[in-house]
file my_file_11.cif (mmCIF, C-alpha atoms)
data_data
#
loop_
_atom_site.label_atom_id
_atom_site.label_comp_id
_atom_site.auth_asym_id
_atom_site.auth_seq_id
_atom_site.Cartn_x
_atom_site.Cartn_y
_atom_site.Cartn_z
CA MET A 1 -38.57 56.29 -51.30
CA GLY A 2 -35.72 54.14 -52.35
CA ARG A 3 -34.76 51.11 -50.31
CA LYS A 4 -31.86 51.70 -48.00
CA GLY A 5 -28.91 49.58 -48.86
CA SER A 6 -27.20 47.53 -46.22
CA PRO A 7 -23.70 48.63 -45.15
CA ARG A 8 -20.95 47.18 -47.25
CA SER A 9 -18.46 44.90 -45.64
CA PRO A 10 -14.77 45.78 -45.81
CA GLN A 11 -14.25 42.79 -48.09
CA ALA A 12 -16.78 44.18 -50.54
CA GLU A 13 -15.08 47.58 -50.59
CA GLY A 14 -11.49 46.61 -50.64
CA GLY A 15 -11.63 43.12 -52.04
CA SER A 16 -10.78 40.03 -50.06
CA ARG A 17 -8.68 40.72 -46.98
CA ALA A 18 -5.55 38.68 -46.53
CA ALA A 19 -5.66 36.00 -43.83
CA SER A 20 -4.70 37.23 -40.35
CA PRO A 21 -1.13 36.42 -39.37
CA PRO A 22 -0.74 33.79 -36.68
CA SER A 23 -0.72 34.95 -33.09
CA PRO A 24 2.74 36.03 -31.93
CA LEU A 25 2.26 33.58 -29.02
CA TRP A 26 2.83 30.64 -31.34
CA ALA A 27 6.04 32.14 -32.63
CA LEU A 28 7.64 31.86 -29.20
CA PRO A 29 9.95 28.93 -28.47
CA GLU A 30 8.41 26.19 -26.35
CA GLU A 31 10.74 27.04 -23.48
CA LEU A 32 9.24 30.55 -23.26
CA LEU A 33 5.70 29.21 -23.54
CA LEU A 34 6.39 26.88 -20.63
CA LEU A 35 7.87 29.77 -18.65
CA ILE A 36 4.72 31.85 -19.20
CA CYS A 37 2.45 28.95 -18.26
CA SER A 38 4.48 28.27 -15.12
CA TYR A 39 2.86 31.35 -13.53
CA LEU A 40 -0.64 29.85 -13.88
CA ASP A 41 -2.48 28.01 -11.14
CA ALA A 42 -4.28 24.68 -11.55
CA GLN A 43 -7.60 26.26 -12.56
CA ALA A 44 -5.99 28.49 -15.20
CA LEU A 45 -4.04 25.55 -16.64
CA GLY A 46 -7.28 23.56 -16.87
CA ARG A 47 -8.94 26.36 -18.80
CA LEU A 48 -5.93 26.77 -21.07
CA ALA A 49 -6.16 23.08 -21.98
CA GLN A 50 -9.62 23.72 -23.48
CA VAL A 51 -8.38 26.21 -26.08
CA CYS A 52 -6.78 23.89 -28.61
CA ARG A 53 -4.88 20.65 -28.95
CA ARG A 54 -1.46 22.26 -28.77
CA LEU A 55 -2.25 24.10 -25.55
CA ARG A 56 -3.87 20.97 -24.16
CA PHE A 57 -0.63 19.10 -24.71
CA LEU A 58 1.49 21.99 -23.42
CA SER A 59 -0.59 22.59 -20.29
CA GLY A 60 -0.41 18.92 -19.31
CA ARG A 61 3.38 18.81 -19.06
CA ASP A 62 4.72 17.52 -15.74
CA LEU A 63 7.05 20.52 -15.58
CA LEU A 64 4.09 22.89 -15.11
CA TRP A 65 2.27 20.78 -12.53
CA ARG A 66 5.29 19.93 -10.39
CA ARG A 67 5.25 23.24 -8.49
CA ILE A 68 1.51 22.91 -7.87
CA ALA A 69 1.84 19.28 -6.80
CA ARG A 70 4.47 20.07 -4.17
CA GLY A 71 1.88 22.19 -2.36
CA CYS A 72 -0.80 19.46 -2.51
CA LEU A 73 -1.54 16.59 -0.15
CA ASN A 74 -0.06 13.20 -0.99
CA SER A 75 0.91 14.04 -4.56
CA GLY A 76 4.05 11.89 -4.46
CA PHE A 77 6.56 14.67 -3.77
CA THR A 78 8.58 14.90 -0.57
CA GLN A 79 9.36 18.12 1.22
CA LEU A 80 12.76 18.11 -0.50
CA GLY A 81 11.17 17.69 -3.94
CA THR A 82 11.95 14.00 -4.52
CA ASP A 83 9.36 12.35 -6.76
CA LEU A 84 8.19 9.08 -5.18
CA ALA A 85 5.65 8.25 -7.92
CA ALA A 86 7.53 9.06 -11.10
CA GLY A 87 5.45 6.76 -13.32
CA ILE A 88 2.18 8.65 -12.78
CA PRO A 89 1.47 11.96 -14.60
CA VAL A 90 1.74 14.83 -12.14
CA LYS A 91 -1.49 16.44 -13.37
CA GLU A 92 -3.43 13.28 -12.49
CA ARG A 93 -1.87 13.21 -9.05
CA VAL A 94 -2.98 16.79 -8.41
CA LYS A 95 -6.54 15.82 -9.35
CA VAL A 96 -6.53 12.84 -6.97
CA SER A 97 -4.97 15.02 -4.27
CA GLN A 98 -8.16 17.08 -4.15
CA ASN A 99 -10.07 13.92 -3.25
CA TRP A 100 -7.72 13.33 -0.32
CA ARG A 101 -8.22 16.89 0.88
CA HIS A 102 -12.02 16.76 0.67
CA GLY A 103 -12.39 13.16 1.87
CA ARG A 104 -13.91 11.86 -1.38
CA CYS A 105 -13.29 8.13 -1.68
CA ARG A 106 -14.86 4.72 -2.14
CA ARG A 107 -14.65 2.36 0.84
CA GLU A 108 -14.30 -1.39 0.59
CA THR A 109 -13.57 -4.26 2.95
CA VAL A 110 -11.23 -6.49 0.95
CA LEU A 111 -10.25 -9.12 3.53
CA LYS A 112 -11.91 -10.58 6.62
CA TRP A 113 -10.79 -13.18 9.15
CA LYS A 114 -12.69 -14.95 11.90
CA CYS A 115 -10.60 -14.37 15.03
CA ASN A 116 -9.39 -11.00 16.28
CA LEU A 117 -5.73 -10.27 15.55
CA MET A 118 -3.27 -7.38 15.82
CA PRO A 119 -2.16 -7.25 12.18
CA TRP A 120 0.74 -5.28 10.74
CA MET A 121 1.43 -4.59 7.08
CA GLU A 122 3.83 -3.10 4.55
CA LEU A 123 3.11 -1.79 1.06
CA ASP A 124 5.63 -2.49 -1.68
CA GLY A 125 4.54 -1.49 -5.16
CA GLU A 126 2.68 -4.51 -6.54
CA TYR A 127 2.16 -6.33 -3.23
CA LEU A 128 0.68 -5.75 0.20
CA TYR A 129 2.31 -7.78 2.99
CA LEU A 130 0.00 -8.52 5.91
CA SER A 131 0.71 -10.38 9.15
CA GLN A 132 -2.02 -12.79 10.21
CA ALA A 133 -1.31 -14.78 13.37
CA GLU A 134 2.14 -16.42 13.04
CA ASN A 135 2.43 -15.87 9.25
CA ILE A 136 3.09 -12.97 6.88
CA GLN A 137 1.15 -13.17 3.63
CA ALA A 138 1.83 -11.35 0.35
CA TYR A 139 -1.29 -10.24 -1.53
CA PRO A 140 -0.93 -8.99 -5.12
CA ILE A 141 -2.49 -5.59 -5.81
CA CYS A 142 -4.65 -5.66 -8.93
CA PRO A 143 -3.45 -3.63 -11.96
CA GLU A 144 -3.96 0.12 -11.63
CA GLY A 145 -4.83 -0.33 -7.96
CA THR A 146 -8.36 -1.55 -8.65
CA GLY A 147 -8.34 -3.92 -5.69
CA LEU A 148 -6.55 -6.67 -3.84
CA GLN A 149 -6.47 -10.33 -4.79
CA ARG A 150 -8.18 -12.38 -2.09
CA HIS A 151 -5.61 -15.20 -2.00
CA PRO A 152 -1.94 -14.65 -1.04
CA GLN A 153 0.75 -15.37 -3.58
CA ALA A 154 3.36 -16.17 -0.91
CA ILE A 155 3.38 -16.99 2.81
CA PHE A 156 6.35 -16.37 5.10
CA SER A 157 6.41 -18.35 8.33
CA GLY A 158 8.82 -19.23 11.13
CA HIS A 159 7.30 -17.90 14.36
CA GLN A 160 5.65 -20.14 16.92
CA GLU A 161 3.36 -17.34 18.10
CA ASP A 162 1.78 -14.28 16.47
CA VAL A 163 3.91 -11.85 14.51
CA CYS A 164 3.97 -8.55 16.42
CA ARG A 165 5.65 -6.35 13.85
CA PHE A 166 7.72 -6.65 10.71
CA VAL A 167 9.53 -4.44 8.21
CA LEU A 168 10.22 -4.82 4.51
CA VAL A 169 13.61 -3.49 3.38
CA ASN A 170 15.59 -4.26 0.21
CA SER A 171 13.60 -7.42 -0.61
CA HIS A 172 13.99 -8.75 2.93
CA ILE A 173 11.33 -9.24 5.60
CA VAL A 174 12.42 -8.96 9.23
CA SER A 175 9.79 -9.86 11.81
CA GLY A 176 9.51 -10.03 15.58
CA GLY A 177 7.10 -12.40 17.28
CA GLY A 178 5.40 -13.26 20.51
CA ASP A 179 7.83 -16.15 20.91
CA GLY A 180 10.70 -13.69 21.52
CA SER A 181 12.43 -14.52 18.24
CA ILE A 182 13.41 -12.56 15.14
CA VAL A 183 13.03 -14.10 11.68
CA LEU A 184 14.57 -12.82 8.46
CA HIS A 185 13.24 -13.90 5.05
CA LYS A 186 14.53 -13.14 1.59
CA ILE A 187 11.44 -12.45 -0.52
CA HIS A 188 12.78 -13.84 -3.80
CA GLY A 189 14.34 -17.03 -2.59
CA SER A 190 14.27 -19.67 0.11
CA TYR A 191 16.85 -18.06 2.41
CA SER A 192 15.67 -17.46 5.97
CA VAL A 193 17.25 -17.23 9.39
CA LYS A 194 15.76 -17.28 12.88
CA PHE A 195 17.32 -16.50 16.24
CA SER A 196 16.16 -15.98 19.81
CA ALA A 197 16.25 -12.28 20.64
CA HIS A 198 14.37 -11.46 23.86
CA GLU A 199 12.99 -13.16 26.95
CA GLN A 200 9.49 -11.91 26.12
CA GLU A 201 7.65 -10.94 22.92
CA VAL A 202 9.41 -8.74 20.37
CA ASN A 203 7.04 -5.79 20.03
CA CYS A 204 8.94 -3.96 17.28
CA VAL A 205 11.80 -4.30 14.82
CA ASP A 206 13.63 -2.29 12.19
CA PHE A 207 16.26 -3.25 9.65
CA GLN A 208 18.81 -1.26 7.68
CA GLY A 209 22.31 -1.68 6.33
CA GLY A 210 23.06 -5.05 7.88
CA LEU A 211 21.71 -4.12 11.30
CA ILE A 212 18.49 -5.13 13.06
CA VAL A 213 17.12 -3.25 16.06
CA SER A 214 14.41 -4.72 18.26
CA GLY A 215 12.35 -3.73 21.27
CA SER A 216 10.55 -5.98 23.72
CA ARG A 217 8.20 -6.24 26.65
CA ASP A 218 11.29 -7.26 28.69
CA ARG A 219 12.26 -3.55 28.81
CA THR A 220 15.25 -3.79 26.50
CA ALA A 221 16.14 -2.57 23.03
CA LYS A 222 18.86 -4.47 21.18
CA VAL A 223 21.04 -4.06 18.09
CA TRP A 224 21.82 -7.21 16.09
CA SER A 225 24.37 -7.96 13.41
CA LEU A 226 23.62 -9.59 10.07
CA SER A 227 27.22 -9.62 8.87
CA ALA A 228 28.61 -12.87 7.54
CA GLY A 229 29.65 -15.10 10.43
CA ARG A 230 27.95 -12.81 12.98
CA VAL A 231 24.27 -13.28 12.12
CA GLY A 232 22.15 -12.95 15.24
CA GLN A 233 24.97 -11.62 17.40
CA CYS A 234 23.85 -8.89 19.82
CA LEU A 235 25.99 -5.75 19.43
CA HIS A 236 24.28 -3.43 21.94
CA THR A 237 21.65 -3.70 24.65
CA VAL A 238 19.80 -0.63 25.92
CA GLN A 239 17.99 -0.98 29.23
CA THR A 240 14.73 1.00 29.42
CA GLU A 241 12.34 1.87 32.23
CA ASP A 242 9.31 0.37 30.51
CA ARG A 243 8.38 -2.03 27.72
CA VAL A 244 9.43 -0.94 24.22
CA TRP A 245 6.52 -0.57 21.82
CA SER A 246 8.12 1.10 18.79
CA ILE A 247 11.59 1.45 17.34
CA ALA A 248 13.15 2.96 14.21
CA ILE A 249 16.63 3.23 12.78
CA SER A 250 17.71 6.70 11.75
CA PRO A 251 18.51 7.00 8.03
CA LEU A 252 21.96 8.18 9.16
CA LEU A 253 22.53 4.64 10.48
CA SER A 254 24.93 5.46 13.31
CA GLY A 255 24.22 2.17 15.07
CA GLN A 256 24.32 3.83 18.48
CA LEU A 257 21.81 5.46 20.82
CA LEU A 258 22.40 9.19 20.39
CA THR A 259 19.69 10.84 22.47
CA CYS A 260 16.19 10.55 23.89
CA LEU A 261 13.26 12.61 22.66
CA GLY A 262 11.20 14.53 25.20
CA THR A 263 11.55 14.83 28.96
CA ASP A 264 8.11 15.63 30.36
CA PHE A 265 5.99 12.61 29.39
CA HIS A 266 3.88 11.20 32.20
CA ARG A 267 4.10 7.50 32.99
CA GLY A 268 2.03 5.41 30.60
CA ALA A 269 2.32 7.86 27.71
CA GLY A 270 4.11 5.27 25.60
CA VAL A 271 5.05 5.87 21.97
CA LEU A 272 3.39 3.26 19.76
CA ASP A 273 4.73 4.26 16.35
CA VAL A 274 7.63 6.29 14.94
CA PHE A 275 8.15 7.40 11.36
CA TYR A 276 11.27 9.06 9.94
CA GLU A 277 10.71 11.58 7.14
CA THR A 278 14.36 12.62 6.87
CA PRO A 279 17.42 11.90 9.01
CA SER A 280 16.47 14.87 11.20
CA LEU A 281 12.66 14.99 10.98
CA LEU A 282 10.40 12.33 12.47
CA LEU A 283 6.85 11.79 13.71
CA SER A 284 5.66 9.92 16.79
CA CYS A 285 2.30 8.97 18.26
CA GLY A 286 1.05 6.92 21.18
CA TYR A 287 -1.11 6.53 24.25
CA ASP A 288 -1.25 10.21 25.21
CA THR A 289 -3.34 11.01 22.06
CA TYR A 290 -0.79 13.38 20.49
CA ILE A 291 1.01 13.36 17.15
CA ARG A 292 4.40 14.98 17.61
CA TYR A 293 6.75 16.34 14.96
CA TRP A 294 10.40 16.36 15.96
CA ASP A 295 13.38 18.18 14.46
CA ILE A 296 16.45 16.84 16.21
CA ARG A 297 18.57 19.64 14.70
CA THR A 298 16.81 22.17 16.92
CA SER A 299 15.85 20.27 20.06
CA THR A 300 15.47 16.75 21.40
CA ARG A 301 13.60 17.90 24.49
CA LYS A 302 10.62 19.56 22.85
CA CYS A 303 8.84 18.81 19.57
CA VAL A 304 8.41 21.56 16.98
CA GLN A 305 4.73 20.86 16.36
CA GLU A 306 1.96 18.68 17.76
CA TRP A 307 -1.63 17.72 16.97
CA GLU A 308 -4.13 16.26 19.44
CA GLU A 309 -6.55 13.47 18.58
CA PRO A 310 -9.95 15.20 18.95
CA HIS A 311 -11.73 12.27 20.67
CA ASP A 312 -9.00 11.60 23.24
CA SER A 313 -8.09 8.23 21.71
CA ALA A 314 -4.70 6.57 21.78
CA LEU A 315 -2.98 6.60 18.40
CA TYR A 316 -1.71 3.19 17.30
CA CYS A 317 -0.07 4.03 13.99
CA ILE A 318 1.09 6.94 11.89
CA ARG A 319 2.46 7.62 8.41
CA SER A 320 3.12 10.70 6.30
CA ASP A 321 3.69 11.50 2.65
CA LYS A 322 7.00 13.11 3.75
CA ASN A 323 5.53 16.47 2.83
CA HIS A 324 2.22 17.94 4.04
CA MET A 325 -0.09 15.01 4.86
CA ILE A 326 -0.23 12.78 7.95
CA ALA A 327 -2.48 9.74 8.36
CA SER A 328 -3.17 8.30 11.82
CA GLY A 329 -5.07 5.32 13.18
CA SER A 330 -7.01 5.58 16.47
CA SER A 331 -7.68 3.03 19.18
CA TYR A 332 -11.48 3.48 19.19
CA TYR A 333 -14.04 2.75 16.48
CA GLY A 334 -11.52 2.19 13.71
CA VAL A 335 -11.01 5.88 13.00
CA VAL A 336 -8.50 6.93 10.34
CA ARG A 337 -7.70 10.63 10.30
CA LEU A 338 -5.96 12.78 7.70
CA TRP A 339 -4.03 15.83 8.83
CA ASP A 340 -2.49 18.78 7.00
CA LYS A 341 0.68 19.89 8.78
CA ARG A 342 -0.14 23.48 7.84
CA GLN A 343 -3.34 23.32 9.90
CA THR A 344 -3.98 22.70 13.59
CA GLN A 345 -7.18 20.67 13.29
CA CYS A 346 -7.92 17.29 11.73
CA LEU A 347 -8.66 17.57 8.02
CA GLN A 348 -10.77 14.42 7.42
CA SER A 349 -11.85 11.37 9.42
CA PHE A 350 -13.15 7.95 8.34
CA HIS A 351 -14.95 5.56 10.71
CA LEU A 352 -14.18 2.02 9.54
CA SER A 353 -15.15 -0.16 12.52
CA SER A 354 -18.78 -1.24 12.55
CA PRO A 355 -20.64 -2.57 14.44
CA THR A 356 -17.91 -3.53 16.96
CA SER A 357 -15.12 -1.25 18.07
CA SER A 358 -11.61 -2.04 16.89
CA PRO A 359 -8.38 -0.06 16.81
CA VAL A 360 -6.61 0.71 13.56
CA TYR A 361 -3.49 -1.34 14.22
CA CYS A 362 -1.68 -0.35 11.05
CA LEU A 363 -2.17 1.80 7.96
CA ARG A 364 -0.29 2.37 4.74
CA PHE A 365 -1.09 4.46 1.68
CA SER A 366 -0.04 5.21 -1.89
CA THR A 367 -0.99 8.31 -3.90
CA THR A 368 -4.34 6.69 -4.73
CA HIS A 369 -5.29 4.22 -1.96
CA LEU A 370 -5.19 3.92 1.83
CA TYR A 371 -5.11 0.50 3.51
CA ALA A 372 -6.16 0.13 7.16
CA ALA A 373 -5.80 -3.11 9.15
CA LEU A 374 -8.28 -3.62 12.00
CA ALA A 375 -8.75 -6.56 14.37
CA SER A 376 -10.77 -8.68 11.94
CA ALA A 377 -10.67 -6.95 8.55
CA LEU A 378 -8.60 -5.04 6.03
CA HIS A 379 -10.23 -1.90 4.65
CA VAL A 380 -9.29 0.08 1.53
CA LEU A 381 -10.12 3.69 0.73
CA ASP A 382 -9.94 4.35 -3.02
CA PHE A 383 -9.43 8.06 -3.69
CA THR A 384 -9.49 7.70 -7.48
CA ALA A 385 -13.22 6.88 -7.52
CA PRO A 386 -15.11 9.10 -5.07
#

call {"tool": "encode", "arguments": {"input": "my_file_11.cif", "output": "structure tokens"}}
result
Amino acid sequence: MGRKGSPRSPQAEGGSRAASPPSPLWALPEELLLLICSYLDAQALGRLAQVCRRLRFLSGRDLLWRRIARGCLNSGFTQLGTDLAAGIPVKERVKVSQNWRHGRCRRETVLKWKCNLMPWMELDGEYLYLSQAENIQAYPICPEGTGLQRHPQAIFSGHQEDVCRFVLVNSHIVSGGGDGSIVLHKIHGSYSVKFSAHEQEVNCVDFQGGLIVSGSRDRTAKVWSLSAGRVGQCLHTVQTEDRVWSIAISPLLSGQLLTCLGTDFHRGAGVLDVFYETPSLLLSCGYDTYIRYWDIRTSTRKCVQEWEEPHDSALYCIRSDKNHMIASGSSYYGVVRLWDKRQTQCLQSFHLSSPTSSPVYCLRFSTTHLYAALASALHVLDFTAP
């Protein structure tokens, strides 16, 4: 029997076949390619990036990840779509956002001090400003957020007793102290001014557009002028029924008391922190263990949403990414909690105080790090390196 021959290939029968024409996909303008890719989710975009170099470049464009990022936690986009972290690729922010959601981070204690304090802090790009006793110290943040330098680059002083609170606005620091005074410092320069504000300690301050507002244990809230020739002049005094623990100026900057939020709080349910997201949306927290979300366009008597601290702890501080995420600091055991506004329960919790119990007096965060100030230490949660 003769040997069976193997089947001939088409090339052998018809000669060499001409090279296949390029895929019609590549013939499309880039604008259409981006439009097609805009319908993909994060997982599909990640797979598309593995096909070839061109698709890897195309699928990494900020334009494609912006829609996805706006639905993520702490990705740098506000509810209105404003980008607060424009220098960081959006795709990288979406990746880090998953670490925030799942609680994946590296913890580090970057500063310690010997005596117990009630520190406050502000985060401003390359520096972290931290109050320690009667001074405010500026600590440089290491490049790419890899840590905090242990020695301050600048120290702002002027109070005779501990700094209670301070704010950082337009390169100015305004602080209130236990000595009843308010001090204003210009960060880049030697200018400073100090004036007596209250009969007792100034528990809280805010500063905007040439106005300072302050609240005190003496049961008053006051509005102060910083206009030329009128620095330190009291413009308004609001008498309250109890000591004032927190205060904030509306971004609308009316300069007058417009209304009061809530009507059914029991005595002692003081608000310890307030944070404006927009001129009409703000968050509050305090002794009664609730985070409240207010929309003053709809009602000033009842909040639109609230979340309860699961361990019945007072909440000392609160911040949000102005979109979906809230971070809160509890009064017991140094607990920091992350919340998703779209859910009713706490998303993640981090216990920072050990072995002694300490409140989280203040917290601030960027898209990559969270800083929490306790009675004797400053803790950092790094969400880029879980």

call {"tool": "residues_around", "arguments": {"input": "my_file_11.cif", "residues": "Gln79 in chain A", "least_positions_apart": "6", "cutoff": "9 Å", "atoms": "only C-alpha atoms", "output": "PyMOL selection string"}}
result
chain A and resi 70+277+321-324

call {"tool": "write_last_selection", "arguments": {"input": "my_file_11.cif", "atoms": "C-alpha atoms", "output": "compact mmCIF listing (two decimals), keeping the file's coordinate frame"}}
result
# COMPACT_ATOMS: atom_id res chain seq x y z
CA ARG A 70 4.47 20.07 -4.17
CA GLU A 277 10.71 11.58 7.14
CA ASP A 321 3.69 11.50 2.65
CA LYS A 322 7.00 13.11 3.75
CA ASN A 323 5.53 16.47 2.83
CA HIS A 324 2.22 17.94 4.04

call {"tool": "resolve_selection", "arguments": {"input": "my_file_11.cif", "expression": "the PyMOL selection byres ((chain A and resi 47-61) around 9)", "output": "ChimeraX atom specification"}}
result
/A:30,33-34,37,42-46,62-66,89-91

call {"tool": "resolve_selection", "arguments": {"input": "my_file_11.cif", "expression": "the PyMOL selection byres ((chain A and resi 325-327) around 7)", "output": "ChimeraX atom specification"}}
result
/A:73-74,318-321,323-324,328,336-341

call {"tool": "residues_around", "arguments": {"input": "my_file_11.cif", "residues": "Glu309 in chain A", "least_positions_apart": "6", "cutoff": "9 Å", "atoms": "all atoms listed in the file", "output": "list in words"}}
result
Thr289, Tyr290, Ile291, Leu315, Ser330, Arg337, Gln345 and Cys346 of chain A

call {"tool": "residues_near_point", "arguments": {"input": "my_file_11.cif", "point": "(6.2, -7.6, 18.7)", "cutoff": "10 Å", "atoms": "only C-alpha atoms", "output": "PyMOL selection string"}}
result
chain A and resi 118+120+162-166+175-182+200-205+214-217+244-246

call {"tool": "residues_around", "arguments": {"input": "my_file_11.cif", "residues": "range 368-370 of chain A", "least_positions_apart": "4", "cutoff": "6 Å", "atoms": "all atoms listed in the file", "output": "MDAnalysis selection string"}}
result
chainID A and resid 364 380:384
